[in-house]
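Here's final.tsv, which has TSV, C-alpha atoms:
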chain	number	residue	atom	x	y	z
A	1	LEU	CA	1.52	21.13	17.27
A	2	ILE	CA	-0.52	19.09	19.73
A	3	GLN	CA	1.28	15.78	20.21
A	4	ASP	CA	-1.09	14.29	22.80
A	5	ASP	CA	-4.82	14.77	22.89
A	6	VAL	CA	-7.76	12.87	24.32
A	7	SER	CA	-10.19	11.58	21.74
A	8	PRO	CA	-13.87	12.51	22.20
A	9	VAL	CA	-14.54	8.81	21.70
A	10	SER	CA	-13.93	7.40	25.15
A	11	GLU	CA	-12.95	3.94	23.89
A	12	ILE	CA	-9.95	5.41	22.04
A	13	GLY	CA	-8.35	7.40	24.86
A	14	THR	CA	-5.22	9.45	24.24
A	15	VAL	CA	-4.14	9.95	20.62
A	16	HIS	CA	-0.45	10.65	19.91
A	17	TYR	CA	0.73	12.62	16.86
A	18	PHE	CA	4.11	11.72	15.37
A	19	THR	CA	6.10	13.35	12.58
A	20	VAL	CA	8.79	11.67	10.49
A	21	ASP	CA	11.55	13.70	8.85
A	22	ALA	CA	14.57	11.99	7.26
A	23	SER	CA	16.65	15.16	7.74
A	24	LEU	CA	16.04	15.26	11.48
A	25	VAL	CA	19.25	15.52	13.53
A	26	THR	CA	17.95	14.44	16.94
A	27	GLU	CA	14.88	12.32	17.57
A	28	THR	CA	12.37	13.11	20.32
A	29	ASP	CA	9.43	11.14	21.67
A	30	TYR	CA	7.22	12.32	18.80
A	31	GLU	CA	9.72	13.30	16.08
A	32	LYS	CA	11.44	10.44	14.27
A	33	LYS	CA	13.92	10.00	11.41
A	34	THR	CA	12.40	6.80	10.01
A	35	ILE	CA	8.86	5.64	9.46
A	36	GLN	CA	9.51	2.39	11.30
A	37	SER	CA	10.77	4.16	14.43
A	38	ALA	CA	7.51	6.13	14.54
A	39	LEU	CA	5.50	2.94	14.03
A	40	ASN	CA	7.41	1.25	16.84
A	41	ALA	CA	6.51	4.11	19.20
A	42	ALA	CA	2.87	4.38	18.09
A	43	GLU	CA	-0.16	2.60	19.49
A	44	ASP	CA	-3.69	2.01	18.26
A	45	PHE	CA	-5.36	5.13	16.81
A	46	ASP	CA	-2.19	7.23	16.77
A	47	ILE	CA	-1.41	9.48	13.80
A	48	ILE	CA	1.89	9.52	11.91
A	49	GLU	CA	2.68	12.30	9.43
A	50	VAL	CA	5.61	11.66	7.07
A	51	LEU	CA	7.35	14.68	5.56
A	52	PRO	CA	8.32	14.69	1.87
A	53	GLY	CA	11.39	12.67	0.93
A	54	THR	CA	12.56	9.22	-0.07
A	55	TYR	CA	12.70	6.68	2.74
A	56	ASN	CA	14.75	3.57	1.97
A	57	GLU	CA	12.91	1.25	4.36
A	58	ASP	CA	10.74	-1.79	4.63
A	59	ILE	CA	8.07	-1.10	7.24
A	60	ARG	CA	5.67	-3.15	9.32
A	61	LEU	CA	2.31	-1.95	10.65
A	62	ASN	CA	1.24	-3.90	13.72
A	63	ASP	CA	-1.16	-1.32	15.22
A	64	ARG	CA	-4.27	0.50	14.04
A	65	VAL	CA	-2.63	3.76	13.03
A	66	PHE	CA	-3.24	6.48	10.45
A	67	LEU	CA	-0.02	6.79	8.43
A	68	PHE	CA	0.04	9.56	5.83
A	69	GLY	CA	2.42	11.45	3.56
A	70	ARG	CA	2.22	15.20	4.03
A	71	ASP	CA	2.43	16.13	0.36
A	72	TYR	CA	0.99	12.93	-1.09
A	73	ALA	CA	2.45	10.14	-3.19
A	74	ARG	CA	4.66	11.99	-5.64
A	75	ALA	CA	6.57	13.69	-2.82
A	76	THR	CA	6.63	10.96	-0.16
A	77	ILE	CA	8.33	7.77	-1.31
A	78	ILE	CA	9.06	4.46	0.41
A	79	ASP	CA	11.78	2.76	-1.63
A	80	GLY	CA	12.51	-0.94	-1.26
A	81	THR	CA	15.84	-0.94	-3.11
A	82	ASN	CA	18.35	-3.25	-1.38
A	83	ARG	CA	15.74	-4.34	1.18
A	84	SER	CA	15.07	-8.01	1.86
A	85	ASP	CA	11.36	-7.79	2.74
A	86	SER	CA	8.16	-6.36	1.26
A	87	VAL	CA	8.20	-2.57	1.25
A	88	ILE	CA	5.16	-2.64	3.56
A	89	ASP	CA	3.94	-5.48	5.79
A	90	PHE	CA	0.35	-4.58	6.70
A	91	TYR	CA	-0.49	-6.72	9.75
A	92	SER	CA	-3.28	-4.74	11.40
A	93	GLU	CA	-6.35	-2.69	10.60
A	94	GLY	CA	-5.31	0.86	9.75
A	95	VAL	CA	-4.98	3.53	7.06
A	96	ILE	CA	-2.08	4.25	4.72
A	97	ASP	CA	-2.49	7.45	2.72
A	98	GLY	CA	-0.37	9.23	0.14
A	99	PHE	CA	2.83	7.30	-0.62
A	100	THR	CA	4.75	6.00	-3.59
A	101	ILE	CA	5.71	2.39	-2.83
A	102	GLN	CA	8.45	1.39	-5.22
A	103	ASN	CA	11.27	-0.98	-6.13
A	104	GLY	CA	10.27	-3.81	-3.81
A	105	GLY	CA	12.18	-6.92	-4.90
A	106	SER	CA	14.31	-4.95	-7.36
A	107	THR	CA	17.60	-6.08	-5.84
A	108	ASN	CA	16.65	-9.02	-3.56
A	109	ASN	CA	14.26	-11.87	-4.30
A	110	ILE	CA	10.89	-11.47	-2.56
A	111	SER	CA	8.47	-14.34	-3.13
A	112	ASN	CA	5.07	-12.73	-2.51
A	113	GLY	CA	3.91	-9.12	-2.32
A	114	ALA	CA	7.06	-7.16	-3.11
A	115	GLY	CA	5.29	-3.84	-2.65
A	116	MET	CA	2.85	-4.78	0.10
A	117	TYR	CA	2.11	-7.98	2.00
A	118	VAL	CA	-1.25	-7.97	3.81
A	119	SER	CA	-1.84	-10.43	6.65
A	120	ALA	CA	-4.19	-8.88	9.19
A	121	GLY	CA	-6.32	-11.95	9.93
A	122	SER	CA	-9.68	-13.09	8.62
A	123	SER	CA	-11.57	-10.90	11.12
A	124	ALA	CA	-9.81	-7.68	10.02
A	125	THR	CA	-12.26	-5.58	8.01
A	126	ASP	CA	-10.93	-2.01	8.13
A	127	LEU	CA	-7.73	-1.80	6.12
A	128	ARG	CA	-7.52	1.20	3.80
A	129	VAL	CA	-4.90	2.29	1.28
A	130	LEU	CA	-5.62	5.73	-0.15
A	131	GLY	CA	-3.94	7.72	-2.90
A	132	CYS	CA	-0.90	5.46	-3.19
A	133	LEU	CA	1.26	4.69	-6.22
A	134	PHE	CA	2.74	1.18	-6.50
A	135	VAL	CA	5.45	1.16	-9.15
A	136	ASN	CA	8.22	-1.21	-10.25
A	137	ASN	CA	7.74	-3.86	-7.59
A	138	SER	CA	8.75	-7.39	-8.56
A	139	ALA	CA	7.90	-10.67	-6.81
A	140	THR	CA	9.40	-14.01	-7.78
A	141	VAL	CA	6.15	-15.96	-7.23
A	142	ARG	CA	2.92	-14.03	-6.59
A	143	GLY	CA	1.68	-10.49	-6.19
A	144	GLY	CA	4.21	-8.12	-7.72
A	145	ALA	CA	2.65	-5.06	-6.13
A	146	ILE	CA	0.38	-6.61	-3.49
A	147	TYR	CA	-0.22	-10.01	-1.92
A	148	VAL	CA	-3.29	-10.30	0.33
A	149	SER	CA	-2.95	-13.32	2.60
A	150	SER	CA	-5.82	-12.38	4.93
A	151	GLY	CA	-7.98	-9.34	5.64
A	152	ASP	CA	-10.55	-7.13	3.96
A	153	ILE	CA	-8.88	-4.17	2.28
A	154	ALA	CA	-9.88	-1.23	0.09
A	155	PHE	CA	-7.59	0.55	-2.37
A	156	VAL	CA	-9.01	3.99	-3.15
A	157	SER	CA	-7.55	6.32	-5.81
A	158	CYS	CA	-4.45	4.14	-6.15
A	159	SER	CA	-2.31	3.42	-9.23
A	160	LEU	CA	-0.48	0.13	-9.79
A	161	ILE	CA	2.00	0.58	-12.63
A	162	ASP	CA	4.82	-1.55	-14.05
A	163	ASN	CA	4.81	-4.28	-11.39
A	164	GLN	CA	5.89	-7.83	-12.19
A	165	ALA	CA	5.29	-11.39	-10.95
A	166	PRO	CA	4.67	-14.81	-12.51
A	167	GLU	CA	1.15	-14.78	-11.01
A	168	GLY	CA	-0.85	-11.66	-10.19
A	169	ALA	CA	1.56	-8.94	-11.29
A	170	ALA	CA	-0.65	-6.32	-9.64
A	171	ILE	CA	-2.50	-8.25	-6.89
A	172	TYR	CA	-2.70	-11.82	-5.71
A	173	SER	CA	-5.40	-12.91	-3.24
A	174	GLY	CA	-4.45	-15.87	-1.09
A	175	SER	CA	-7.87	-16.68	0.39
A	176	ASN	CA	-11.51	-16.94	-0.67
A	177	ASN	CA	-12.37	-15.05	2.52
A	178	ASN	CA	-10.62	-11.87	1.39
A	179	ASP	CA	-12.65	-8.85	0.32
A	180	ILE	CA	-10.52	-6.65	-1.94
A	181	ARG	CA	-12.05	-3.43	-3.26
A	182	LEU	CA	-10.49	-1.38	-6.03
A	183	ILE	CA	-12.17	2.03	-6.09
A	184	ASN	CA	-11.37	4.82	-8.56
A	185	SER	CA	-8.01	3.19	-9.27
A	186	LEU	CA	-5.72	2.43	-12.22
A	187	LEU	CA	-3.80	-0.74	-13.11
A	188	TRP	CA	-1.39	-0.19	-16.01
A	189	ASN	CA	1.37	-2.25	-17.63
A	190	ASP	CA	1.60	-4.72	-14.74
A	191	GLU	CA	3.32	-7.69	-16.37
A	192	PRO	CA	2.51	-11.26	-15.30
A	193	THR	CA	4.90	-13.93	-16.59
A	194	ASN	CA	2.23	-16.60	-16.95
A	195	GLY	CA	-1.18	-15.32	-15.91
A	196	GLU	CA	-3.16	-12.16	-15.23
A	197	GLU	CA	-2.76	-8.86	-13.43
A	198	ILE	CA	-5.07	-9.99	-10.62
A	199	GLU	CA	-5.07	-13.67	-9.67
A	200	GLY	CA	-5.68	-16.15	-6.89
A	201	ASN	CA	-8.98	-16.37	-5.04
A	202	ILE	CA	-10.57	-13.48	-6.91
A	203	ASN	CA	-14.25	-14.04	-6.05
A	204	GLY	CA	-13.93	-11.33	-3.40
A	205	VAL	CA	-12.41	-8.73	-5.72
A	206	VAL	CA	-14.80	-5.83	-6.35
A	207	TYR	CA	-14.16	-3.09	-8.92
A	208	GLN	CA	-15.69	0.38	-8.62
A	209	SER	CA	-14.73	2.96	-11.28
A	210	THR	CA	-11.41	1.20	-11.86
A	211	LEU	CA	-9.56	1.04	-15.16
A	212	HIS	CA	-6.97	-1.50	-16.21
A	213	ARG	CA	-5.24	-2.54	-19.42
A	214	ASP	CA	-4.75	-6.13	-20.50
A	215	PRO	CA	-0.98	-6.36	-21.10
A	216	ALA	CA	-1.46	-9.16	-23.66
A	217	THR	CA	-4.07	-7.52	-25.91
A	218	GLY	CA	-3.89	-3.84	-25.03
A	219	ASN	CA	-7.64	-3.86	-24.37
A	220	VAL	CA	-8.89	-1.46	-21.72
A	221	PHE	CA	-11.22	-2.76	-19.02
A	222	ILE	CA	-13.47	-0.59	-16.88
A	223	ASP	CA	-14.68	-2.39	-13.76
A	224	SER	CA	-13.48	-5.68	-15.31
A	225	ALA	CA	-15.67	-5.20	-18.45
A	226	ASP	CA	-13.68	-5.30	-21.71
A	227	LYS	CA	-14.15	-2.06	-23.64
A	228	SER	CA	-12.00	-3.42	-26.51
A	229	THR	CA	-9.98	-0.25	-26.92
A	230	ILE	CA	-6.74	-1.38	-28.53
A	231	ASN	CA	-3.59	0.53	-27.52
A	232	PRO	CA	-5.39	3.72	-26.49
A	233	GLY	CA	-2.16	5.67	-26.15
A	234	ILE	CA	-2.52	6.45	-22.47
A	235	THR	CA	0.85	6.96	-20.80
A	236	PRO	CA	0.94	6.82	-16.99
Let's see the structure in the file written out as structure tokens.
Amino acid sequence: LIQDDVSPVSEIGTVHYFTVDASLVTETDYEKKTIQSALNAAEDFDIIEVLPGTYNEDIRLNDRVFLFGRDYARATIIDGTNRSDSVIDFYSEGVIDGFTIQNGGSTNNISNGAGMYVSAGSSATDLRVLGCLFVNNSATVRGGAIYVSSGDIAFVSCSLIDNQAPEGAAIYSGSNNNDIRLINSLLWNDEPTNGEEIEGNINGVVYQSTLHRDPATGNVFIDSADKSTINPGITP
């Protein structure tokens, strides 16, 4: 495994390749036991591969990295049980690919974005979340699964299932400047206490081949258009 290589793009420079394995006995410069320890060692444009397993962590991305689960979301789980922060704080442009993000706020109160809190700045335009499953995340105020404070972000082939919050059980957008794209994704049984699955400053929310179910009526929406299919019997 090549752990250092020079990118053909001169502006990027050396790219480091990290692996994360919870069963690791001894850490090295490029082999880590926790996702956060790999993130702490990584720099812009580095690659972090996470081996299958359940990681009881809350993590923070401060650099433009590519973070991915080796065997995709069902096998690579970040579990927020007993953690006091969002499961993922996404504070920089970057890519997150192939994780289950679960149980944020299940044991400790988290106000906004129990699964993921996004605050990369208004000039950040390249945040990507690919093939991730957000399940059973619960915020006490806004954004059960995801709260976007600032930044343009795309969710591609993601599922948001059984998340809860008083406002925006699935996603809450905190700014009119945010561009949130939901592409080929599924929102199912996300339960708002008072409002809707997606709330806040929603003018920048764009749906592309995305299906969601209104928890109040059971109607199915495709790209935010009501198809009036009552209780279609789809089980996630």
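The shortest atom-to-atom distance to Lys33 in chain A, with all atoms listed in the file taken into account, belongs to A:Val20 out of A:Val20, A:Ala114, A:Ile59, A:Ala120.
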Who sits within 6 Å of range 127-133 of chain A, only C-alpha atoms, same chain under 6 positions skipped, as number ranges by chain: A: 73, 93-100, 153-159
Ref. answer, residues at most 10 Å from (-11.4, -17.0, -1.0) with all atoms listed in the file, as a ChimeraX atom specification: /A:149-150,173-179,200-205
For CA of Gln36 in chain A and CA of Arg142 in chain A, the interatomic separation in Å (one decimal):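 It comes out at 25.2 Å.
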Residue contacts of Ile183 in chain A (6 Å, only C-alpha atoms) excluding same-chain residues fewer than 5 positions away, as a PyMOL selection string: chain A and resi 156+208-210
Point-to-point distance from CA of Asp29 in chain A to CA of Ile48 in chain A, Å rounded to tenths: 12.4 Å
Exercise: Val135 in chain A partners within 6 Å, all atoms listed in the file, chain neighbours under 2 positions left out, as an MDAnalysis selection string: chainID A and resid 102 137 161:163
Among listed residues A:Asn82, A:Ser37, A:Thr54, A:Asn184, nearest Leu160 in chain A (using all atoms listed in the file):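 Using all atoms listed in the file, Leu160 in chain A sits closest to A:Asn184.
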Within 12 Å of Leu61 in chain A using only C-alpha atoms, minus same-chain residues under 6 positions, as a PyMOL selection string: chain A and resi 35-44+46+48+67+86-96+116-120+127
